[in-house]
>>> print(open('start-v4.txt').read())   # compact mmCIF, C-alpha atoms
# COMPACT_ATOMS: atom_id res chain seq x y z
CA MET A 1 -25.46 90.80 25.99
CA GLU A 2 -23.77 89.39 29.09
CA THR A 3 -26.65 86.94 29.64
CA LEU A 4 -26.42 85.80 26.02
CA LEU A 5 -22.65 85.26 26.20
CA LYS A 6 -23.11 83.24 29.39
CA ILE A 7 -25.79 81.06 27.75
CA LEU A 8 -23.56 80.50 24.71
CA ALA A 9 -20.47 79.74 26.79
CA GLU A 10 -22.39 77.10 28.74
CA LEU A 11 -23.79 75.60 25.57
CA ARG A 12 -20.53 75.45 23.62
CA PRO A 13 -17.45 76.19 25.73
CA ASP A 14 -15.20 75.28 22.80
CA VAL A 15 -16.44 78.03 20.45
CA ASP A 16 -15.11 81.59 20.16
CA PHE A 17 -18.42 83.45 19.87
CA GLU A 18 -16.94 86.93 19.72
CA GLU A 19 -14.79 86.13 16.66
CA ASN A 20 -16.99 83.83 14.58
CA LYS A 21 -19.61 85.64 12.47
CA GLU A 22 -20.73 82.55 10.57
CA LEU A 23 -21.67 80.31 13.46
CA VAL A 24 -24.29 78.34 11.53
CA ASP A 25 -22.88 78.65 8.01
CA SER A 26 -19.45 77.45 9.18
CA GLY A 27 -21.06 74.52 11.00
CA GLU A 28 -19.94 75.59 14.49
CA LEU A 29 -23.55 75.62 15.67
CA ASP A 30 -25.59 72.63 14.61
CA SER A 31 -29.29 71.93 14.96
CA PHE A 32 -28.85 70.62 18.52
CA ASP A 33 -27.21 73.91 19.52
CA ILE A 34 -29.92 75.96 17.83
CA VAL A 35 -32.77 74.03 19.41
CA SER A 36 -31.10 74.25 22.83
CA LEU A 37 -30.44 77.93 22.30
CA VAL A 38 -34.05 78.67 21.28
CA GLY A 39 -35.26 77.14 24.56
CA GLU A 40 -32.68 79.03 26.62
CA LEU A 41 -33.39 82.38 24.90
CA CYS A 42 -37.16 82.03 25.31
CA GLU A 43 -36.73 81.35 29.00
CA ALA A 44 -34.05 83.94 29.74
CA TYR A 45 -35.62 86.80 27.76
CA GLU A 46 -39.30 85.77 28.07
CA ILE A 47 -39.81 85.80 24.31
CA GLN A 48 -41.49 83.51 21.77
CA ILE A 49 -39.36 82.46 18.78
CA GLY A 50 -41.60 81.34 15.91
CA ALA A 51 -40.82 78.87 13.13
CA GLU A 52 -40.13 81.72 10.71
CA ASP A 53 -37.32 82.99 12.95
CA ILE A 54 -35.51 79.67 13.33
CA ILE A 55 -33.27 80.34 10.32
CA PRO A 56 -29.45 80.45 10.04
CA GLU A 57 -29.28 84.24 9.52
CA ASN A 58 -30.64 84.81 13.02
CA PHE A 59 -28.01 82.62 14.68
CA ASN A 60 -24.84 83.29 12.68
CA SER A 61 -23.30 85.70 15.20
CA VAL A 62 -23.75 86.99 18.72
CA GLU A 63 -24.95 90.28 17.21
CA ALA A 64 -27.56 88.53 15.04
CA ILE A 65 -28.87 86.55 18.01
CA MET A 66 -29.03 89.70 20.12
CA ALA A 67 -30.85 91.54 17.32
CA LEU A 68 -33.42 88.72 17.14
CA VAL A 69 -33.95 88.86 20.90
CA LYS A 70 -34.40 92.65 20.87
CA ARG A 71 -36.85 92.54 17.94
CA LEU A 72 -38.95 89.88 19.64
CA GLN A 73 -38.90 91.75 22.95
CA GLU A 74 -40.27 94.82 21.17
CA ASP A 75 -43.00 92.89 19.29
CA MET B 1 -53.69 55.30 19.60
CA LEU B 2 -50.91 56.15 17.11
CA LYS B 3 -51.79 58.51 14.28
CA LYS B 4 -49.82 58.79 11.06
CA MET B 5 -48.36 62.22 10.23
CA ILE B 6 -49.31 63.49 6.78
CA ASP B 7 -48.79 67.28 6.71
CA GLY B 8 -45.07 68.19 6.85
CA GLN B 9 -45.57 71.96 7.04
CA ALA B 10 -48.04 71.65 9.92
CA PHE B 11 -45.58 69.28 11.61
CA TRP B 12 -42.78 71.86 11.39
CA ARG B 13 -45.01 74.70 12.61
CA GLU B 14 -45.99 72.57 15.60
CA ILE B 15 -42.34 71.76 16.35
CA ALA B 16 -41.32 75.43 16.22
CA LYS B 17 -44.19 76.35 18.53
CA ARG B 18 -43.24 73.65 21.03
CA LEU B 19 -39.57 74.73 20.93
CA SER B 20 -40.59 78.32 21.45
CA ASN B 21 -42.69 77.26 24.45
CA GLY B 22 -39.53 75.81 26.00
CA GLU B 23 -40.73 72.20 25.93
CA SER B 24 -38.12 69.50 26.58
CA THR B 25 -37.26 67.49 23.50
CA ASN B 26 -34.80 65.22 21.77
CA PHE B 27 -35.94 66.44 18.35
CA PHE B 28 -33.03 68.39 16.86
CA PHE B 29 -33.78 68.27 13.17
CA SER B 30 -33.92 71.11 10.68
CA GLN B 31 -37.11 72.06 8.85
CA GLU B 32 -35.85 70.20 5.77
CA ASP B 33 -35.25 67.00 7.74
CA ALA B 34 -38.63 67.27 9.46
CA LEU B 35 -40.40 67.57 6.10
CA LEU B 36 -38.49 64.56 4.77
CA MET B 37 -39.56 62.50 7.78
CA VAL B 38 -43.21 63.05 6.94
CA GLN B 39 -42.56 62.42 3.24
CA ARG B 40 -41.00 59.03 4.09
CA ASP B 41 -44.45 58.17 5.43
CA LYS B 42 -43.13 56.42 8.53
CA ILE B 43 -43.83 58.85 11.35
CA TYR B 44 -46.65 58.43 13.86
CA ARG B 45 -47.76 60.51 16.83
CA LEU B 46 -49.28 59.85 20.21
CA ASP B 47 -50.65 62.85 22.12
CA PHE B 48 -51.00 62.89 25.89
CA ASP B 49 -51.56 65.38 28.67
CA GLY B 50 -48.54 67.72 28.62
CA GLY B 51 -46.76 66.37 25.59
CA VAL B 52 -46.50 64.29 22.47
CA TYR B 53 -44.51 61.30 21.26
CA PHE B 54 -43.39 60.91 17.65
CA PHE B 55 -42.46 57.38 16.59
CA VAL B 56 -40.34 56.94 13.46
CA LYS B 57 -40.51 53.40 12.10
CA GLU B 58 -37.10 52.00 11.21
CA GLU B 59 -36.52 48.50 9.88
CA THR B 60 -36.36 46.69 13.23
CA PHE B 61 -37.34 49.29 15.82
CA TYR B 62 -39.15 52.56 16.50
CA GLN B 63 -37.11 55.71 17.13
CA LEU B 64 -38.83 57.83 19.77
CA TYR B 65 -38.92 61.64 19.77
CA TYR B 66 -40.78 63.60 22.40
CA PHE B 67 -41.90 67.07 23.36
CA LEU B 68 -42.83 67.65 26.96
CA GLU B 69 -44.19 70.75 28.69
CA LYS B 70 -42.43 72.02 31.78
CA GLU B 71 -43.18 70.15 35.00
CA LYS B 72 -44.89 67.33 33.08
CA SER B 73 -43.79 63.70 33.14
CA PRO B 74 -43.53 61.33 30.20
CA GLU B 75 -46.55 59.13 29.59
CA VAL B 76 -46.25 55.34 29.83
CA LEU B 77 -45.17 54.14 26.39
CA PRO B 78 -47.49 51.92 24.35
CA ALA B 79 -46.66 48.31 23.54
CA LEU B 80 -45.44 48.14 19.94
CA ALA B 81 -44.41 45.18 17.80
CA GLU B 82 -40.75 46.34 17.70
CA PRO B 83 -38.45 47.78 20.39
CA ILE B 84 -38.70 51.51 21.10
CA ILE B 85 -35.40 53.40 21.22
CA LEU B 86 -34.98 56.78 22.90
CA GLU B 87 -31.74 58.53 22.01
CA GLU B 88 -31.08 61.91 23.57
CA VAL B 89 -28.30 64.43 23.19
CA LEU B 90 -27.66 66.27 26.44
CA LEU B 91 -25.21 68.67 27.95
CA ALA B 92 -23.30 66.70 30.57
CA ALA B 93 -23.15 69.70 32.90
CA LYS B 94 -26.92 70.28 32.91
CA GLU B 95 -29.60 68.45 34.83
CA ARG B 96 -31.35 65.81 32.75
CA ILE B 97 -35.03 66.65 32.25
CA PRO B 98 -37.01 64.38 32.11
CA SER B 99 -34.82 62.35 34.45
CA GLU B 100 -33.78 58.78 33.86
CA ASP B 101 -36.24 57.77 36.62
CA ASN B 102 -39.08 59.48 34.77
CA TRP B 103 -38.24 57.49 31.67
CA LYS B 104 -38.02 54.27 33.64
CA LYS B 105 -41.55 54.91 34.90
CA ALA B 106 -42.61 55.36 31.26
CA GLY B 107 -41.28 51.88 30.46
CA LEU B 108 -37.73 52.45 29.23
CA LYS B 109 -34.49 51.06 30.64
CA PRO B 110 -30.92 52.32 30.17
CA TYR B 111 -29.23 50.73 27.16
CA LEU B 112 -25.93 52.54 26.55
CA GLU B 113 -24.33 55.98 26.58
CA ARG B 114 -21.93 57.82 24.29
CA LYS B 115 -20.00 61.03 24.66
CA ARG B 116 -18.66 63.32 21.98
CA MET B 117 -14.98 64.17 21.76
CA TYR B 118 -13.07 66.57 19.52
CA LEU B 119 -9.56 67.35 18.45
CA THR B 120 -8.63 70.68 16.89
CA THR B 121 -6.48 70.23 13.80
CA LYS B 122 -4.02 72.95 14.80
CA ASN B 123 -3.13 70.88 17.88
CA VAL B 124 -2.10 67.85 15.84
CA SER B 125 1.34 67.04 14.51
CA PHE B 126 1.34 65.02 11.31
CA GLU B 127 3.76 62.37 10.32
CA GLU B 128 3.94 61.27 6.71
CA ARG B 129 2.29 57.85 6.34
CA LYS B 130 0.94 55.52 3.71
CA ILE B 131 -2.81 55.09 3.92
CA THR B 132 -5.13 52.64 2.18
CA PHE B 133 -8.67 53.47 1.18
CA ALA B 134 -11.17 50.63 0.87
CA SER B 135 -11.96 49.36 -2.62
CA GLU B 136 -15.30 48.19 -3.96
CA LYS B 137 -14.36 44.52 -3.62
CA MET B 138 -14.02 44.94 0.17
CA LEU B 139 -17.64 46.08 0.53
CA ASP B 140 -19.05 42.75 1.77
CA ASP B 141 -16.26 42.19 4.32
CA ILE B 142 -16.57 45.73 5.71
CA PHE B 143 -20.36 45.56 5.82
CA TYR B 144 -20.21 42.21 7.64
CA LEU B 145 -17.62 43.44 10.19
CA MET B 146 -19.69 46.58 10.75
CA HIS B 147 -22.83 44.61 11.54
CA GLU B 148 -20.92 42.16 13.75
CA SER B 149 -19.27 44.97 15.74
CA PHE B 150 -22.00 47.51 16.40
CA GLU B 151 -25.23 47.29 18.31
CA PRO B 152 -28.18 47.40 15.94
CA PHE B 153 -30.42 50.18 17.20
CA SER B 154 -28.46 53.39 17.67
CA SER B 155 -25.27 53.00 15.66
CA ALA B 156 -26.58 54.72 12.52
CA LEU B 157 -25.31 51.86 10.38
CA PRO B 158 -25.37 52.71 6.67
CA THR B 159 -27.12 50.61 4.06
CA LYS B 160 -24.86 48.60 1.77
CA GLU B 161 -25.56 51.07 -1.05
CA SER B 162 -24.61 54.06 1.02
CA LEU B 163 -21.48 52.29 2.33
CA LEU B 164 -20.48 51.59 -1.27
CA THR B 165 -20.92 55.27 -2.12
CA ASP B 166 -18.67 56.19 0.80
CA ILE B 167 -16.07 53.62 -0.30
CA LEU B 168 -16.07 55.06 -3.82
CA ASN B 169 -15.77 58.57 -2.35
CA GLN B 170 -12.73 57.54 -0.26
CA LYS B 171 -14.48 57.82 3.10
CA VAL B 172 -13.46 54.37 4.29
CA LEU B 173 -9.90 53.55 5.33
CA VAL B 174 -8.72 49.99 5.81
CA SER B 175 -5.94 48.08 7.48
CA LEU B 176 -4.92 44.97 5.55
CA GLN B 177 -2.58 42.04 6.04
CA ASN B 178 -1.86 39.89 2.97
CA GLN B 179 -4.90 41.53 1.34
CA GLU B 180 -7.13 40.34 4.22
CA LEU B 181 -9.17 42.92 6.13
CA LEU B 182 -7.96 43.60 9.68
CA GLY B 183 -10.12 46.64 10.31
CA PHE B 184 -11.76 49.73 8.81
CA LEU B 185 -12.55 53.32 9.69
CA HIS B 186 -15.59 55.04 8.16
CA PHE B 187 -15.72 58.83 8.33
CA GLY B 188 -17.70 61.70 6.89
CA ASN B 189 -17.23 65.39 6.30
CA MET B 190 -19.50 67.78 8.13
CA LYS B 191 -19.37 71.55 8.10
CA GLN B 192 -17.74 71.62 11.52
CA GLY B 193 -15.13 68.97 10.77
CA SER B 194 -14.36 65.37 9.96
CA MET B 195 -16.58 62.92 11.86
CA LEU B 196 -15.52 59.38 12.66
CA TRP B 197 -18.69 57.37 12.07
CA HIS B 198 -17.54 53.79 12.57
CA ILE B 199 -14.31 52.00 13.38
CA ALA B 200 -13.99 48.24 13.87
CA VAL B 201 -11.24 45.66 14.02
CA MET B 202 -11.56 41.94 13.26
CA PRO B 203 -11.75 39.93 16.52
CA GLN B 204 -8.47 38.09 15.81
CA ALA B 205 -6.63 41.38 15.18
CA ARG B 206 -7.75 43.22 18.33
CA GLY B 207 -5.09 44.44 20.76
CA LEU B 208 -2.47 44.80 18.01
CA GLY B 209 -2.75 48.55 17.50
CA VAL B 210 -4.86 48.32 14.33
CA GLY B 211 -7.45 50.82 15.63
CA ASN B 212 -4.72 53.22 16.67
CA ARG B 213 -3.16 53.11 13.20
CA LEU B 214 -6.53 53.65 11.54
CA VAL B 215 -7.17 56.76 13.64
CA LYS B 216 -3.72 58.07 12.64
CA ASP B 217 -4.57 57.31 9.00
CA TRP B 218 -7.85 59.22 9.32
CA ILE B 219 -6.23 62.29 10.83
CA PHE B 220 -3.51 62.21 8.18
CA ALA B 221 -6.02 61.78 5.34
CA GLN B 222 -8.14 64.71 6.53
CA ARG B 223 -5.39 67.04 7.74
CA ASP B 224 -5.90 69.62 5.00
CA VAL B 225 -9.70 69.63 4.80
CA ALA B 226 -10.86 69.38 8.42
CA LYS B 227 -10.44 72.07 11.03
CA LYS B 228 -11.71 69.69 13.70
CA PHE B 229 -11.92 65.93 14.23
CA LEU B 230 -15.04 64.63 15.97
CA LEU B 231 -16.31 61.31 17.23
CA TRP B 232 -18.84 59.71 19.54
CA VAL B 233 -17.49 56.99 21.83
CA ARG B 234 -19.30 54.63 24.16
CA THR B 235 -18.63 55.50 27.78
CA ASP B 236 -18.50 51.78 28.66
CA ASN B 237 -15.49 51.26 26.38
CA PRO B 238 -12.44 52.29 28.47
CA PRO B 239 -9.82 51.07 25.93
CA ALA B 240 -11.33 53.27 23.23
CA LEU B 241 -11.62 56.23 25.61
CA ARG B 242 -7.96 55.84 26.58
CA MET B 243 -6.89 55.65 22.95
CA TYR B 244 -8.71 58.84 21.98
CA GLU B 245 -7.44 60.67 25.05
CA LYS B 246 -3.88 59.71 24.07
CA PHE B 247 -4.47 61.32 20.68
CA GLY B 248 -5.52 64.50 22.50
CA PHE B 249 -9.29 64.23 22.01
CA LEU B 250 -11.29 66.15 24.61
CA PRO B 251 -14.95 65.79 25.61
CA ASP B 252 -17.01 68.72 24.30
CA GLY B 253 -19.70 68.37 26.96
CA ARG B 254 -22.28 66.44 24.94
CA VAL B 255 -23.48 63.04 26.04
CA ALA B 256 -26.00 60.80 24.32
CA PRO B 257 -27.74 58.28 26.57
CA VAL B 258 -29.83 55.66 24.80
CA MET B 259 -32.76 53.88 26.46
CA ILE B 260 -34.85 50.99 25.20
CA LYS B 261 -38.29 49.46 25.66
CA THR B 262 -38.14 45.89 24.51
CA THR B 263 -41.20 44.08 23.23
>>> encode(input="start-v4.txt", output="structure tokens")
Amino acid sequence: METLLKILAELRPDVDFEENKELVDSGELDSFDIVSLVGELCEAYEIQIGAEDIIPENFNSVEAIMALVKRLQED
Amino acid sequence: MLKKMIDGQAFWREIAKRLSNGESTNFFFSQEDALLMVQRDKIYRLDFDGGVYFFVKEETFYQLYYFLEKEKSPEVLPALAEPIILEEVLLAAKERIPSEDNWKKAGLKPYLERKRMYLTTKNVSFEERKITFASEKMLDDIFYLMHESFEPFSSALPTKESLLTDILNQKVLVSLQNQELLGFLHFGNMKQGSMLWHIAVMPQARGLGVGNRLVKDWIFAQRDVAKKFLLWVRTDNPPALRMYEKFGFLPDGRVAPVMIKTT
């Protein structure tokens, strides 16, 4: 979780990631953020994020992102 | 050899795979936008060792998108009948990959750079003011001033029809003197806030505070609907940078360099 928070803080220092649970739906994260984040997550956690997983539900909160990472690590 | 893209779903699957592989890119579109690009029938590809270029044909230029594997360099760009424009969005604090030098070797040269700034609504104090939205009869004057004021390749200038729609939807504010146009401000509403798309002042009215008043008008007009105010400003425009800083706008860390290959 610490790694993820660090990645997010570097990507968007102006966003409160612990509070916001609708990061994509509220527009805080846009497509640039998501694309950047996909690259960072794949590198940091050595996972592959497929097209079917690049959907708002997986990026709406820190918890959702972490859940995606864990699921892909277990696959 | 450029090849036309015809299968939108295959295009999106390829993009997702390349993103997942950690390739560098300036392609930040959603699945929906990617499918639309192929539907518009104006996207071509050029494959090379370690990457791919996608060229989107606009009216007077080609917009370039790329995917590049790690450690690979961009290929020399082909000669096309119109200029090629590469617009990237980068995090200012991170190293630029591919570097500007890599792109120069591929045939591009620096053209301009913008940075994004934001202002949080809760940090703004509002004073009551009278604002004027553009009317339909001002369309031609605004459209003309817009095309005279902005560079043609990367300013996302709207068509006349779409500008008219924005005028009718009260997304264009104007400053007038004796019913003559002094300047306008064109904005839009995005999920994350109100975005200033274009602002321009007639040459004879510059330096008189018209732009400053238009920005105040915009903030006042959007005070109840926007939680954030956003804009992109050219980094070679110190007067504009100073004005936005005085309003309290802060850089959010994104920069957008634009490079060009002329014909």
>>> interface_residues(input="start-v4.txt", of="chain A", to="chain B", cutoff="8 Å", atoms="only C-alpha atoms", output="count of residues only")
21
>>> residues_around(input="start-v4.txt", residues="B:Ile85", least_positions_apart="2", cutoff="12 Å", atoms="all atoms listed in the file", output="JSON, numbers by chain")
{"B": [26, 54, 55, 56, 57, 58, 60, 61, 62, 63, 64, 65, 66, 77, 80, 82, 83, 87, 88, 103, 107, 108, 109, 110, 111, 112, 152, 153, 154, 155, 257, 258, 259, 260, 261, 262, 263]}
>>> closest_residue(input="start-v4.txt", among="A:Lys21, A:Tyr45, A:Asp53, A:Asn60", to="A:Glu74", atoms="only C-alpha atoms")
A:Tyr45
>>> residues_around(input="start-v4.txt", residues="stretch 175-188 of chain B", least_positions_apart="4", cutoff="9 Å", atoms="all atoms listed in the file", output="VMD selection string")
chain B and resid 131 to 134 138 141 to 142 145 to 146 163 166 to 167 171 193 to 206 210 to 211 213 to 215 217 to 218
>>> residues_around(input="start-v4.txt", residues="B:Glu71", least_positions_apart="6", cutoff="12 Å", atoms="all atoms listed in the file", output="VMD selection string")
chain B and resid 22 to 24 49 to 51 97 to 99 102
>>> atom_distance(input="start-v4.txt", atom1="atom CA of B:Phe48", atom2="atom CA of B:Glu75")
6.9 Å
>>> closest_residue(input="start-v4.txt", among="B:Asn189, B:Glu136, B:Thr159, B:Gln170", to="B:Val225", atoms="all atoms listed in the file")
B:Asn189
>>> residues_around(input="start-v4.txt", residues="B:Leu46", least_positions_apart="6", cutoff="9 Å", atoms="all atoms listed in the file", output="JSON, numbers by chain")
{"B": [1, 2, 3, 52, 53, 54, 55]}
>>> write_last_selection(input="start-v4.txt", atoms="C-alpha atoms", output="PDB file, in the frame of the given file")
ATOM      1  CA  MET B   1     -53.690  55.300  19.600  1.00  0.00           C
ATOM      2  CA  LEU B   2     -50.910  56.150  17.110  1.00  0.00           C
ATOM      3  CA  LYS B   3     -51.790  58.510  14.280  1.00  0.00           C
ATOM      4  CA  VAL B  52     -46.500  64.290  22.470  1.00  0.00           C
ATOM      5  CA  TYR B  53     -44.510  61.300  21.260  1.00  0.00           C
ATOM      6  CA  PHE B  54     -43.390  60.910  17.650  1.00  0.00           C
ATOM      7  CA  PHE B  55     -42.460  57.380  16.590  1.00  0.00           C
TER       8      PHE B  55
END
>>> atom_distance(input="start-v4.txt", atom1="atom CA of A:Val24", atom2="atom CA of B:Asp41")
29.2 Å
>>> atom_distance(input="start-v4.txt", atom1="atom CA of A:Arg71", atom2="atom CA of A:Asn58")
11.1 Å
>>> residues_around(input="start-v4.txt", residues="A:Leu5", least_positions_apart="5", cutoff="9 Å", atoms="all atoms listed in the file", output="PyMOL selection string")
chain A and resi 10+17-18+62
>>> closest_residue(input="start-v4.txt", among="B:Val233, B:Leu168, B:Pro78, B:Arg129", to="B:Phe150", atoms="all atoms listed in the file")
B:Val233
>>> closest_residue(input="start-v4.txt", among="B:Ser73, B:Thr235, B:Leu230, B:Met243", to="B:Met117", atoms="all atoms listed in the file")
B:Leu230
